[in-house]
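Below is start-v3.cif, which holds mmCIF, C-alpha atoms and all ligand atoms.
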data_coords
#
loop_
_atom_site.label_atom_id
_atom_site.label_comp_id
_atom_site.auth_asym_id
_atom_site.auth_seq_id
_atom_site.Cartn_x
_atom_site.Cartn_y
_atom_site.Cartn_z
CA MET A 30 -53.88 -53.61 -19.93
CA ARG A 31 -52.14 -56.94 -19.72
CA LEU A 32 -54.38 -59.96 -19.79
CA ARG A 33 -51.46 -62.34 -19.58
CA THR A 34 -51.86 -65.03 -16.94
CA ALA A 35 -49.57 -67.86 -15.82
CA LEU A 36 -51.56 -70.08 -18.19
CA CYS A 37 -50.33 -67.98 -21.12
CA ASP A 38 -46.73 -68.52 -20.07
CA LEU A 39 -47.34 -72.22 -19.50
CA LEU A 40 -48.88 -72.79 -22.93
CA GLY A 41 -46.88 -70.14 -24.80
CA ILE A 42 -49.99 -68.22 -25.90
CA GLU A 43 -50.66 -64.50 -25.97
CA TYR A 44 -54.22 -64.44 -24.60
CA PRO A 45 -55.90 -66.80 -22.12
CA VAL A 46 -58.58 -67.85 -24.60
CA LEU A 47 -58.83 -71.53 -25.59
CA GLN A 48 -61.05 -72.86 -28.34
CA SER A 49 -62.54 -76.20 -27.47
CA GLY A 50 -61.48 -79.20 -29.54
CA MET A 51 -64.94 -80.03 -30.80
CA GLY A 52 -64.85 -83.39 -32.55
CA SER A 53 -67.77 -82.53 -34.79
CA VAL A 54 -66.86 -78.99 -35.85
CA ALA A 55 -63.29 -78.03 -34.86
CA GLY A 56 -61.20 -78.79 -37.91
CA PRO A 57 -57.67 -77.54 -38.55
CA ASP A 58 -58.85 -74.25 -40.14
CA LEU A 59 -60.56 -73.21 -36.92
CA ALA A 60 -57.71 -74.26 -34.64
CA ALA A 61 -55.07 -72.60 -36.83
CA GLU A 62 -56.98 -69.32 -36.92
CA VAL A 63 -57.52 -69.20 -33.14
CA SER A 64 -53.84 -69.91 -32.52
CA ARG A 65 -52.80 -67.35 -35.14
CA ALA A 66 -54.89 -64.75 -33.28
CA GLY A 67 -53.05 -65.47 -30.01
CA GLY A 68 -55.41 -67.95 -28.34
CA LEU A 69 -55.02 -71.72 -28.19
CA GLY A 70 -56.73 -73.49 -31.08
CA ILE A 71 -57.51 -77.14 -30.40
CA VAL A 72 -58.32 -79.47 -33.24
CA GLY A 73 -60.78 -82.32 -32.69
CA GLY A 74 -59.28 -85.82 -32.81
CA LEU A 75 -62.41 -87.80 -31.99
CA ASN A 76 -63.07 -90.68 -34.40
CA GLN A 77 -60.12 -89.72 -36.59
CA PRO A 78 -57.74 -92.41 -37.85
CA PRO A 79 -54.05 -91.72 -37.12
CA ASP A 80 -53.21 -90.46 -40.63
CA ALA A 81 -56.08 -87.97 -40.55
CA ILE A 82 -54.87 -86.61 -37.21
CA ARG A 83 -51.34 -86.28 -38.55
CA GLU A 84 -52.69 -84.44 -41.58
CA ARG A 85 -54.61 -82.04 -39.31
CA ILE A 86 -51.51 -81.35 -37.24
CA ARG A 87 -49.42 -80.67 -40.33
CA PHE A 88 -52.08 -78.36 -41.76
CA ILE A 89 -52.04 -76.26 -38.59
CA ARG A 90 -48.23 -76.16 -38.59
CA ALA A 91 -48.27 -74.99 -42.20
CA HIS A 92 -50.54 -72.09 -41.25
CA THR A 93 -49.15 -70.91 -37.92
CA ASP A 94 -46.03 -71.41 -35.84
CA ARG A 95 -47.96 -70.75 -32.64
CA PRO A 96 -48.94 -73.44 -30.10
CA PHE A 97 -52.09 -75.50 -30.65
CA GLY A 98 -53.69 -78.60 -29.19
CA VAL A 99 -55.29 -81.88 -30.23
CA ASN A 100 -58.35 -83.14 -28.34
CA LEU A 101 -59.20 -86.76 -27.61
CA TRP A 102 -61.96 -88.43 -25.65
CA LEU A 103 -60.59 -90.93 -23.13
CA HIS A 104 -63.95 -92.48 -22.32
CA SER A 105 -63.74 -96.03 -21.00
CA GLU A 106 -66.33 -97.22 -23.52
CA LEU A 107 -63.93 -96.20 -26.32
CA ARG A 108 -60.75 -97.84 -24.98
CA PRO A 109 -61.41 -100.37 -26.38
CA PRO A 110 -64.84 -99.76 -27.91
CA VAL A 111 -67.70 -101.74 -26.40
CA ASP A 112 -68.19 -105.10 -28.14
CA VAL A 113 -71.48 -104.82 -30.05
CA THR A 114 -72.18 -108.54 -29.58
CA THR A 115 -72.50 -108.01 -25.81
CA ILE A 116 -75.53 -105.73 -26.24
CA PRO A 117 -78.85 -107.56 -25.73
CA PRO A 118 -80.80 -107.88 -29.03
CA ALA A 119 -83.89 -106.47 -27.26
CA THR A 120 -81.99 -103.23 -26.55
CA ILE A 121 -80.95 -102.88 -30.18
CA ALA A 122 -84.55 -103.58 -31.26
CA GLN A 123 -85.91 -100.84 -28.96
CA VAL A 124 -83.33 -98.31 -30.18
CA HIS A 125 -84.16 -99.02 -33.82
CA ALA A 126 -87.91 -99.00 -33.18
CA THR A 127 -87.58 -95.34 -32.13
CA LEU A 128 -85.04 -94.44 -34.81
CA ASN A 129 -87.28 -96.05 -37.44
CA THR A 130 -90.06 -93.56 -36.67
CA PHE A 131 -87.58 -90.79 -37.55
CA ARG A 132 -86.32 -92.71 -40.59
CA ALA A 133 -89.87 -93.01 -41.94
CA ARG A 134 -90.29 -89.21 -41.79
CA LEU A 135 -86.96 -88.64 -43.56
CA ASP A 136 -87.49 -91.32 -46.25
CA VAL A 137 -84.67 -93.42 -44.85
CA PRO A 138 -85.07 -97.23 -45.02
CA ALA A 139 -85.89 -98.92 -41.69
CA VAL A 140 -83.04 -100.74 -39.90
CA THR A 141 -83.08 -103.62 -37.43
CA ALA A 142 -79.47 -104.88 -37.50
CA ALA A 143 -76.92 -104.12 -34.77
CA PRO A 144 -74.61 -101.22 -35.65
CA PRO A 145 -71.12 -102.11 -36.92
CA PRO A 146 -68.40 -102.08 -34.24
CA ALA A 147 -66.91 -98.67 -33.48
CA PRO A 148 -63.23 -98.46 -34.54
CA ASP A 149 -60.56 -98.60 -31.83
CA LEU A 150 -58.72 -95.31 -32.44
CA VAL A 151 -57.80 -93.55 -29.17
CA ASP A 152 -54.43 -95.14 -28.40
CA ALA A 153 -53.22 -94.78 -32.00
CA ALA A 154 -54.27 -91.12 -31.93
CA LEU A 155 -52.28 -90.56 -28.77
CA GLU A 156 -49.21 -92.08 -30.42
CA VAL A 157 -49.52 -89.52 -33.23
CA ILE A 158 -49.73 -86.69 -30.68
CA LEU A 159 -46.52 -87.99 -29.08
CA GLU A 160 -44.67 -88.60 -32.35
CA GLU A 161 -45.59 -85.17 -33.68
CA ARG A 162 -44.76 -83.52 -30.35
CA VAL A 163 -48.01 -81.57 -30.42
CA PRO A 164 -47.73 -78.60 -28.02
CA VAL A 165 -50.91 -79.46 -26.06
CA PHE A 166 -52.84 -82.70 -25.57
CA SER A 167 -56.39 -81.80 -24.58
CA ALA A 168 -58.03 -84.73 -22.78
CA ALA A 169 -61.75 -84.96 -22.09
CA ILE A 170 -64.53 -87.34 -21.09
CA GLY A 171 -62.18 -89.49 -19.05
CA LEU A 172 -58.96 -88.71 -17.22
CA PRO A 173 -55.43 -89.23 -18.52
CA SER A 174 -53.42 -91.70 -16.45
CA ALA A 175 -50.18 -90.67 -14.73
CA ASP A 176 -48.31 -92.87 -17.21
CA MET A 177 -49.95 -91.08 -20.14
CA VAL A 178 -49.00 -87.69 -18.69
CA THR A 179 -45.40 -88.83 -18.12
CA ARG A 180 -45.15 -89.99 -21.73
CA CYS A 181 -46.50 -86.65 -22.94
CA HIS A 182 -44.07 -84.68 -20.79
CA ALA A 183 -41.14 -86.77 -22.06
CA ARG A 184 -42.04 -85.50 -25.55
CA GLY A 185 -42.56 -81.90 -24.43
CA VAL A 186 -46.36 -82.22 -24.75
CA LYS A 187 -48.41 -80.28 -22.17
CA VAL A 188 -51.56 -82.01 -20.90
CA VAL A 189 -54.79 -80.11 -20.28
CA ALA A 190 -57.62 -82.20 -18.83
CA MET A 191 -61.29 -81.21 -18.79
CA VAL A 192 -63.34 -82.22 -15.74
CA ALA A 193 -66.85 -81.59 -14.46
CA THR A 194 -66.39 -82.45 -10.77
CA VAL A 195 -64.05 -81.40 -7.97
CA GLN A 196 -63.00 -85.02 -7.38
CA ASP A 197 -62.01 -85.47 -11.03
CA ALA A 198 -59.99 -82.24 -10.75
CA ARG A 199 -58.13 -83.70 -7.77
CA ASP A 200 -57.50 -86.94 -9.67
CA ALA A 201 -56.33 -85.10 -12.80
CA ALA A 202 -53.93 -83.01 -10.71
CA ALA A 203 -52.64 -86.18 -9.03
CA ALA A 204 -51.95 -87.65 -12.47
CA GLY A 205 -49.69 -84.66 -13.14
CA VAL A 206 -51.63 -82.70 -15.76
CA ASP A 207 -50.42 -79.16 -16.51
CA ALA A 208 -53.79 -77.40 -16.43
CA ILE A 209 -57.39 -78.29 -15.70
CA VAL A 210 -60.49 -77.13 -17.56
CA ALA A 211 -63.44 -76.85 -15.17
CA GLN A 212 -66.50 -77.59 -17.29
CA GLY A 213 -69.68 -76.19 -15.78
CA GLY A 214 -73.13 -77.61 -16.46
CA GLU A 215 -73.94 -74.76 -18.87
CA ALA A 216 -71.42 -76.09 -21.37
CA GLY A 217 -72.35 -77.22 -24.85
CA GLY A 218 -71.42 -80.71 -25.98
CA HIS A 219 -70.73 -83.78 -23.88
CA ARG A 220 -70.36 -83.78 -20.12
CA SER A 221 -66.69 -84.39 -19.38
CA ILE A 222 -67.06 -87.40 -17.13
CA ALA A 223 -65.40 -90.80 -17.42
CA ALA A 224 -68.43 -92.98 -16.72
CA LYS A 225 -71.99 -92.13 -17.67
CA PRO A 226 -74.08 -91.34 -14.58
CA ILE A 227 -77.59 -92.73 -14.45
CA HIS A 228 -79.10 -89.25 -14.36
CA PRO A 229 -77.98 -86.15 -16.31
CA GLU A 230 -78.17 -83.97 -13.17
CA VAL A 231 -75.09 -85.75 -11.79
CA ALA A 232 -71.86 -83.81 -12.51
CA MET A 233 -73.87 -80.76 -13.57
CA VAL A 234 -72.50 -78.08 -11.21
CA GLY A 235 -72.61 -74.62 -12.82
CA THR A 236 -69.44 -72.82 -13.88
CA MET A 237 -69.83 -70.10 -11.24
CA ALA A 238 -69.79 -72.63 -8.39
CA LEU A 239 -67.43 -75.21 -9.92
CA VAL A 240 -64.49 -73.00 -10.91
CA PRO A 241 -63.61 -71.56 -7.47
CA GLN A 242 -64.06 -74.98 -5.82
CA ILE A 243 -61.56 -76.50 -8.23
CA VAL A 244 -59.22 -73.50 -7.92
CA ASP A 245 -59.23 -74.13 -4.17
CA VAL A 246 -58.06 -77.74 -4.40
CA VAL A 247 -55.47 -77.83 -7.20
CA ARG A 248 -52.18 -76.04 -7.72
CA VAL A 249 -52.15 -76.07 -11.51
CA PRO A 250 -53.86 -73.34 -13.57
CA VAL A 251 -57.61 -73.73 -13.98
CA VAL A 252 -59.49 -72.78 -17.14
CA ALA A 253 -63.22 -72.01 -16.93
CA ALA A 254 -65.61 -73.51 -19.49
CA GLY A 255 -69.36 -73.43 -19.90
CA GLY A 256 -71.64 -70.47 -20.57
CA LEU A 257 -68.80 -68.10 -21.50
CA ALA A 258 -68.83 -66.36 -24.85
CA ASP A 259 -67.40 -62.85 -24.51
CA GLY A 260 -65.06 -60.55 -22.61
CA ARG A 261 -67.43 -60.33 -19.66
CA GLY A 262 -67.17 -64.09 -19.29
CA LEU A 263 -63.37 -63.95 -19.39
CA VAL A 264 -63.22 -61.30 -16.64
CA ALA A 265 -65.76 -63.24 -14.53
CA ALA A 266 -63.65 -66.39 -14.92
CA LEU A 267 -60.51 -64.51 -13.85
CA ALA A 268 -62.41 -63.15 -10.83
CA LEU A 269 -63.27 -66.74 -9.83
CA GLY A 270 -59.59 -67.63 -9.83
CA ALA A 271 -59.38 -69.19 -13.29
CA GLN A 272 -56.45 -68.29 -15.50
CA GLY A 273 -58.35 -68.43 -18.75
CA VAL A 274 -61.45 -69.58 -20.57
CA LEU A 275 -62.28 -72.37 -22.99
CA LEU A 276 -65.14 -71.67 -25.38
CA GLY A 277 -67.08 -74.07 -27.56
CA THR A 278 -70.50 -72.74 -28.56
CA ARG A 279 -69.15 -69.30 -29.53
CA PHE A 280 -66.65 -70.89 -31.91
CA VAL A 281 -69.25 -73.12 -33.60
CA ALA A 282 -70.71 -69.95 -35.12
CA THR A 283 -67.53 -68.81 -36.86
CA ARG A 284 -66.54 -68.81 -40.49
CA GLU A 285 -63.86 -71.48 -39.94
CA SER A 286 -66.01 -73.97 -38.04
CA THR A 287 -67.16 -76.92 -40.13
CA ALA A 288 -70.72 -76.78 -38.71
CA SER A 289 -73.43 -76.72 -41.41
CA GLU A 290 -75.12 -73.45 -42.27
CA PHE A 291 -78.44 -74.58 -40.72
CA TYR A 292 -76.60 -75.31 -37.45
CA LYS A 293 -74.91 -71.88 -37.36
CA LYS A 294 -78.22 -70.20 -38.24
CA SER A 295 -79.99 -72.04 -35.39
CA LEU A 296 -77.38 -70.74 -32.94
CA LEU A 297 -78.12 -67.17 -34.00
CA GLU A 298 -81.87 -67.67 -33.59
CA ARG A 299 -82.01 -69.50 -30.25
CA ASP A 300 -81.85 -68.27 -26.65
CA ALA A 301 -80.27 -69.59 -23.45
CA ASP A 302 -83.27 -71.81 -22.60
CA ALA A 303 -83.21 -73.55 -26.00
CA THR A 304 -80.84 -76.31 -24.88
CA MET A 305 -81.37 -79.66 -23.17
CA VAL A 306 -79.17 -82.45 -21.89
CA THR A 307 -79.75 -85.68 -23.78
CA ASP A 308 -78.07 -89.03 -24.34
CA ALA A 309 -80.10 -89.76 -27.46
CA PHE A 310 -77.41 -88.64 -29.93
CA THR A 311 -74.36 -90.62 -28.77
CA GLY A 312 -75.34 -92.59 -25.68
CA GLN A 313 -73.41 -90.10 -23.52
CA TRP A 314 -75.00 -87.05 -21.82
CA ALA A 315 -74.54 -83.90 -23.87
CA ARG A 316 -76.08 -80.43 -24.02
CA ALA A 317 -77.54 -79.58 -27.40
CA LEU A 318 -80.25 -77.45 -28.97
CA ARG A 319 -83.61 -79.00 -28.12
CA ASN A 320 -85.07 -80.64 -31.24
CA THR A 321 -87.58 -83.28 -32.31
CA PHE A 322 -85.02 -86.10 -32.25
CA ALA A 323 -83.96 -85.50 -28.64
CA VAL A 324 -87.43 -84.71 -27.30
CA GLU A 325 -89.21 -87.62 -28.97
CA TYR A 326 -86.42 -90.09 -28.22
CA ARG A 327 -86.75 -89.27 -24.54
CA ALA A 328 -90.55 -89.43 -24.68
CA ALA A 329 -90.36 -92.88 -26.31
CA GLY A 330 -88.48 -94.16 -23.26
CA ALA A 331 -86.11 -96.17 -25.47
CA PRO A 332 -82.68 -97.13 -24.06
CA THR A 333 -79.50 -95.81 -25.65
CA LEU A 334 -76.52 -97.81 -26.80
CA PRO A 335 -73.09 -97.32 -25.17
CA SER A 336 -70.83 -94.45 -26.35
CA LEU A 337 -70.58 -93.90 -29.32
CA LEU A 338 -72.53 -96.83 -30.75
CA GLN A 339 -75.72 -94.84 -30.36
CA ALA A 340 -74.27 -92.30 -32.82
CA VAL A 341 -73.18 -95.08 -35.16
CA ALA A 342 -76.72 -96.53 -35.06
CA ALA A 343 -78.32 -93.14 -35.78
CA GLN A 344 -75.79 -92.03 -38.40
CA ASP A 345 -78.15 -92.57 -41.34
CA VAL A 346 -80.77 -90.36 -39.66
CA PHE A 347 -78.23 -87.58 -39.03
CA ALA A 348 -76.90 -87.83 -42.61
CA ALA A 349 -80.40 -87.60 -44.11
CA ALA A 350 -81.23 -84.63 -41.88
CA ALA A 351 -77.99 -82.86 -42.82
CA LYS A 352 -78.74 -83.40 -46.51
CA ARG A 353 -82.15 -81.78 -46.05
CA GLN A 354 -80.67 -79.03 -43.83
CA ASP A 355 -83.09 -80.20 -41.15
CA GLY A 356 -81.93 -79.34 -37.64
CA GLU A 357 -84.80 -81.28 -36.05
CA TYR A 358 -83.07 -84.64 -36.56
CA PHE A 359 -79.41 -83.63 -36.30
CA PRO A 360 -77.30 -83.11 -33.14
CA MET A 361 -76.62 -79.41 -32.78
CA TYR A 362 -74.48 -79.31 -29.63
CA ALA A 363 -74.66 -75.95 -27.89
CA GLY A 364 -74.47 -74.54 -24.39
CA GLN A 365 -76.49 -71.96 -22.54
CA ALA A 366 -74.27 -69.21 -23.95
CA VAL A 367 -76.12 -69.72 -27.24
CA GLY A 368 -78.17 -66.60 -26.46
CA LEU A 369 -74.93 -64.58 -26.57
CA VAL A 370 -74.14 -65.64 -30.13
CA HIS A 371 -75.45 -63.06 -32.61
CA ASN A 372 -73.05 -63.23 -35.56
CA VAL A 373 -70.75 -65.53 -37.54
CA PRO A 374 -67.37 -63.77 -37.52
CA GLY A 375 -63.93 -65.17 -38.22
CA ALA A 376 -62.52 -67.14 -35.27
CA GLY A 377 -59.61 -64.70 -34.95
CA GLU A 378 -62.10 -61.84 -34.62
CA VAL A 379 -63.77 -63.71 -31.75
CA VAL A 380 -60.46 -63.90 -29.89
CA GLU A 381 -59.75 -60.21 -30.56
CA ALA A 382 -63.25 -59.15 -29.48
CA ILE A 383 -63.05 -61.12 -26.23
CA VAL A 384 -59.72 -59.53 -25.37
CA ARG A 385 -60.96 -56.03 -26.27
CA GLU A 386 -64.17 -56.44 -24.23
CA ALA A 387 -62.32 -57.92 -21.27
CA ARG A 388 -60.01 -54.89 -21.18
CA GLU A 389 -63.02 -52.56 -21.27
CA VAL A 390 -64.74 -54.47 -18.46
CA LEU A 391 -61.58 -54.48 -16.37
CA ALA A 392 -61.16 -50.74 -16.89
CA ALA A 393 -64.77 -50.13 -15.82
CA LEU A 394 -64.35 -52.38 -12.79
CA GLY A 395 -61.13 -50.53 -11.92
CA ARG A 396 -63.07 -47.27 -11.89
CA LEU A 397 -65.77 -48.92 -9.75
CA GLY A 398 -63.13 -50.17 -7.32
CA ARG A 399 -61.62 -46.70 -7.01
CA GLY A 400 -65.03 -45.10 -6.55
CA ASP A 401 -64.54 -43.01 -9.72
CA PRO A 402 -67.70 -41.93 -11.59
C1 LIG A 501 -70.34 -78.55 -30.92
C2 LIG A 501 -69.55 -78.94 -29.73
C3 LIG A 501 -68.75 -80.07 -29.80
C4 LIG A 501 -67.95 -80.43 -28.72
N1 LIG A 501 -67.12 -81.50 -28.84
C5 LIG A 501 -66.19 -81.73 -27.88
C6 LIG A 501 -65.18 -82.71 -28.08
O1 LIG A 501 -65.14 -83.43 -29.07
N2 LIG A 501 -64.24 -82.83 -27.10
C7 LIG A 501 -64.25 -82.05 -25.97
O2 LIG A 501 -63.34 -82.15 -25.16
N3 LIG A 501 -65.23 -81.16 -25.75
C8 LIG A 501 -66.18 -80.96 -26.68
N4 LIG A 501 -67.14 -80.00 -26.47
C9 LIG A 501 -67.29 -79.36 -25.14
C10 LIG A 501 -66.32 -78.21 -24.94
O3 LIG A 501 -65.05 -78.74 -24.73
C11 LIG A 501 -66.61 -77.27 -23.78
O4 LIG A 501 -66.70 -77.94 -22.57
C12 LIG A 501 -67.85 -76.45 -23.96
O5 LIG A 501 -68.08 -76.11 -25.30
C13 LIG A 501 -67.75 -75.17 -23.14
O6 LIG A 501 -69.00 -74.56 -23.00
P1 LIG A 501 -69.62 -73.53 -24.06
O7 LIG A 501 -70.14 -74.38 -25.16
O8 LIG A 501 -70.68 -72.86 -23.27
O9 LIG A 501 -68.53 -72.62 -24.53
C14 LIG A 501 -67.99 -79.65 -27.53
C15 LIG A 501 -68.81 -78.53 -27.46
C16 LIG A 501 -69.60 -78.17 -28.53
C17 LIG A 501 -70.47 -76.93 -28.43
#
Can I see the file as structure tokens?
Ligand SMILES: Cc1cc2nc3c(=O)[nH]c(=O)nc-3n(C[C@H](O)[C@H](O)[C@H](O)COP(=O)(O)O)c2cc1C
Amino acid sequence: MRLRTALCDLLGIEYPVLQSGMGSVAGPDLAAEVSRAGGLGIVGGLNQPPDAIRERIRFIRAHTDRPFGVNLWLHSELRPPVDVTTIPPATIAQVHATLNTFRARLDVPAVTAAPPPAPDLVDAALEVILEERVPVFSAAIGLPSADMVTRCHARGVKVVAMVATVQDARDAAAAGVDAIVAQGGEAGGHRSIAAKPIHPEVAMVGTMALVPQIVDVVRVPVVAAGGLADGRGLVAALALGAQGVLLGTRFVATRESTASEFYKKSLLERDADATMVTDAFTGQWARALRNTFAVEYRAAGAPTLPSLLQAVAAQDVFAAAAKRQDGEYFPMYAGQAVGLVHNVPGAGEVVEAIVREAREVLAALGRLGRGDP
């Protein structure tokens, strides 16, 4: 049974399965393996200096001749990064007061100083994508401009933009992107919105409701993301009018992902209700496994610093937790599909299993449609 959709032809891939470009865990090994298996592997470009991105691209090219993507955040607070000196000292003091309670428990020295400025990397990363003529530029957490899309197209680079609202889908389509990822509220990781809303419930429409509404208003192929982890999810997405799926959480628990062992183990142990949406890790709303850091940060009522300065400020806490293999003080981004993750296979096996299951589900649905037993 053919699972080929127009998205496959557009991107030059065999199966309509995309692996999310997860800045924290999607290195070139993961992306290369997904692409080798016939999906679209996307390597994370977040926080990477230009040479590191070029190295990642070359690694993938050395391992597969199939299409792949590079993911960047286009968030306004990163282009250019927010000037640390504009943040009121009282805000920084409140942030550190809460972080210092965690530091004390992890034997990390207390901190009061403002975090160092975040490096300005996004535009240089985009230049590398253009110079290297990467097959797909995956844009998230902010929309690509029409000019950016035109520059990509001039270099033969396809642009896939991830959105969480119908209006952003309209705007992305108007900018000329080639495909749109509809990110439902179930999704792991950061909400794909350009500006941080005051409340996490904003831009939190579920995948089931969001995908068909976006399909109805844009002409380009739509990819469903959020809460999907197997062949059933792929068939459901196709039924909603999507032309493929993009998976994050499922690929975190693979051999090629760079997530720590304690993170992968937590994914295997936790259920769908184990996640929460928090801004405590980076300053930007994200869905992650509920842990002491996120719960106590919220309870403390402390403010957060702008993207990604909050993560820069808390880096010593995360590093100490990682060293101790302690998931209670480390961001373990995951979506509600976490309860569907029961093993740590190779990423290529994930793609193959999704395709196999989807064919089985489609065959069963075909029998149902024909009224066969
Ligand atoms: C660990 C992790 C890190 C992520 N990092 C990024 C990122 O850097 N850029 C991005 O566009 N999306 C990122 N995402 C979000 C995904 O693109 C996608 O929307 C989401 O994973 C889909 O939902 P799922 O987790 O239920 O599969 C991340 C997701 C996870 C789980």
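As for atom CA of A:Asp355 and atom CA of A:Phe131, they are spaced 12.1 Å apart.
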Legend entry - Among listed residues A:Val249, A:Ala55, A:Arg353, A:Pro144, nearest A:Ser286 (using only C-alpha atoms): A:Ala55
Inset, instruction - Could you check which of A:Pro78, A:Gly260, A:Gly312, A:Gly255 is closest to ligand LIG 501 (chain A), using all atoms listed in the file? - result: A:Gly255
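Distance annotation: of A:Ala119, A:Ala147, A:Val195, A:Leu40, the residue with the minimal separation from A:Gly98 is A:Leu40; atom set is all atoms listed in the file.
Note that atom CA of A:Val244 and atom CA of A:Lys187 are 19.1 Å apart.
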Legend entry - Closest of A:Pro146, A:Gly213, A:Pro374, A:Gly395 to A:Leu239 - atom-to-atom distances counting all atoms listed in the file: A:Gly213
Inset, instruction - Enter the distance from atom C4 of ligand LIG 501 (chain A) to atom CA of A:Val346, in Å, rounded to one decimal. - result: 19.6 Å
Please define a box with edges along x, y and z of the file around all atoms of stretch 143-159 of chain A given in the file, extend it by 8 Å on each side, and return its centre and edge lengths in Å to one decimal, as lines of an AutoDock Vina configuration file.
center_x = -61.7
center_y = -95.4
center_z = -32.7
size_x = 46.4
size_y = 33.4
size_z = 24.5
Legend entry - Selection near A:Gly70, 8 Å with all atoms listed in the file, sequence-local residues under 3 positions removed, as an NGL selection string: :A and (47-50 or 59-64 or 96-98)
Inset, instruction - Select, from A:Val140, A:Ala81, A:Val111, A:Leu103, the residue with the minimum atom-to-atom distance to A:His125, counting all atoms listed in the file. - result: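 That would be A:Val140, the residue with the smallest distance to A:His125.
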Inset, instruction - Point out the residue among A:Gln313, A:Thr127, A:Gln212, A:Ser174 with the least atom-to-atom distance to ligand LIG 501 (chain A), counting all atoms listed in the file. - result: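 Ranked by minimum distance to ligand LIG 501 (chain A), first place goes to A:Gln212.
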Legend entry - Test item: residues at most 6 Å from stretch 299-311 of chain A, all atoms listed in the file, excluding those fewer than 4 positions along its chain, as a PyMOL selection string: chain A and resi 315-319+323+336-337+339-340+365+367-368
Keeping only C-alpha atoms, take the residues you just selected and write them out as a PDB file, in the coordinates of the input.
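New file out_8.pdb:
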ATOM      1  CA  ALA A 315     -74.540 -83.900 -23.870  1.00  0.00           C
ATOM      2  CA  ARG A 316     -76.080 -80.430 -24.020  1.00  0.00           C
ATOM      3  CA  ALA A 317     -77.540 -79.580 -27.400  1.00  0.00           C
ATOM      4  CA  LEU A 318     -80.250 -77.450 -28.970  1.00  0.00           C
ATOM      5  CA  ARG A 319     -83.610 -79.000 -28.120  1.00  0.00           C
ATOM      6  CA  ALA A 323     -83.960 -85.500 -28.640  1.00  0.00           C
ATOM      7  CA  SER A 336     -70.830 -94.450 -26.350  1.00  0.00           C
ATOM      8  CA  LEU A 337     -70.580 -93.900 -29.320  1.00  0.00           C
ATOM      9  CA  GLN A 339     -75.720 -94.840 -30.360  1.00  0.00           C
ATOM     10  CA  ALA A 340     -74.270 -92.300 -32.820  1.00  0.00           C
ATOM     11  CA  GLN A 365     -76.490 -71.960 -22.540  1.00  0.00           C
ATOM     12  CA  VAL A 367     -76.120 -69.720 -27.240  1.00  0.00           C
ATOM     13  CA  GLY A 368     -78.170 -66.600 -26.460  1.00  0.00           C
TER      14      GLY A 368
END
Legend entry - Distance query A:Val189 at most 9 Å, only C-alpha atoms, self and fewer than 3 positions along chain excluded, as a list in words: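 Close residues of A:Val189: Val165, Phe166, Ser167, Ala168, Ala169, Val206, Asp207, Ala208, Ile209 and Val210 of chain A.
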Those selected residues, please, written with C-alpha atoms and delivered as a compact mmCIF listing (two decimals), in the coordinates of the input.
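And here is the file that came out, again_38.txt:
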# COMPACT_ATOMS: atom_id res chain seq x y z
CA VAL A 165 -50.91 -79.46 -26.06
CA PHE A 166 -52.84 -82.70 -25.57
CA SER A 167 -56.39 -81.80 -24.58
CA ALA A 168 -58.03 -84.73 -22.78
CA ALA A 169 -61.75 -84.96 -22.09
CA VAL A 206 -51.63 -82.70 -15.76
CA ASP A 207 -50.42 -79.16 -16.51
CA ALA A 208 -53.79 -77.40 -16.43
CA ILE A 209 -57.39 -78.29 -15.70
CA VAL A 210 -60.49 -77.13 -17.56
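Using only C-alpha atoms, the protein and nucleic acid residues lying no more than 7 Å from stretch 120-122 of chain A, apart from those fewer than 2 places from it along its own chain, are Ile116, Pro117, Pro118, Val124, His125, Ala126, Thr141, Ala143 and Pro332 of chain A.
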Inset, instruction - Tell me, as a list of chain:residue names, which residues lie within 9 Å of A:Ala271, counting all atoms listed in the file; anything in the same chain fewer than 6 positions away does not count. - result: A:Ala211, A:Val240, A:Pro241, A:Val244, A:Pro250, A:Val251, A:Val252, A:Ala253, A:Leu263, A:Ala265
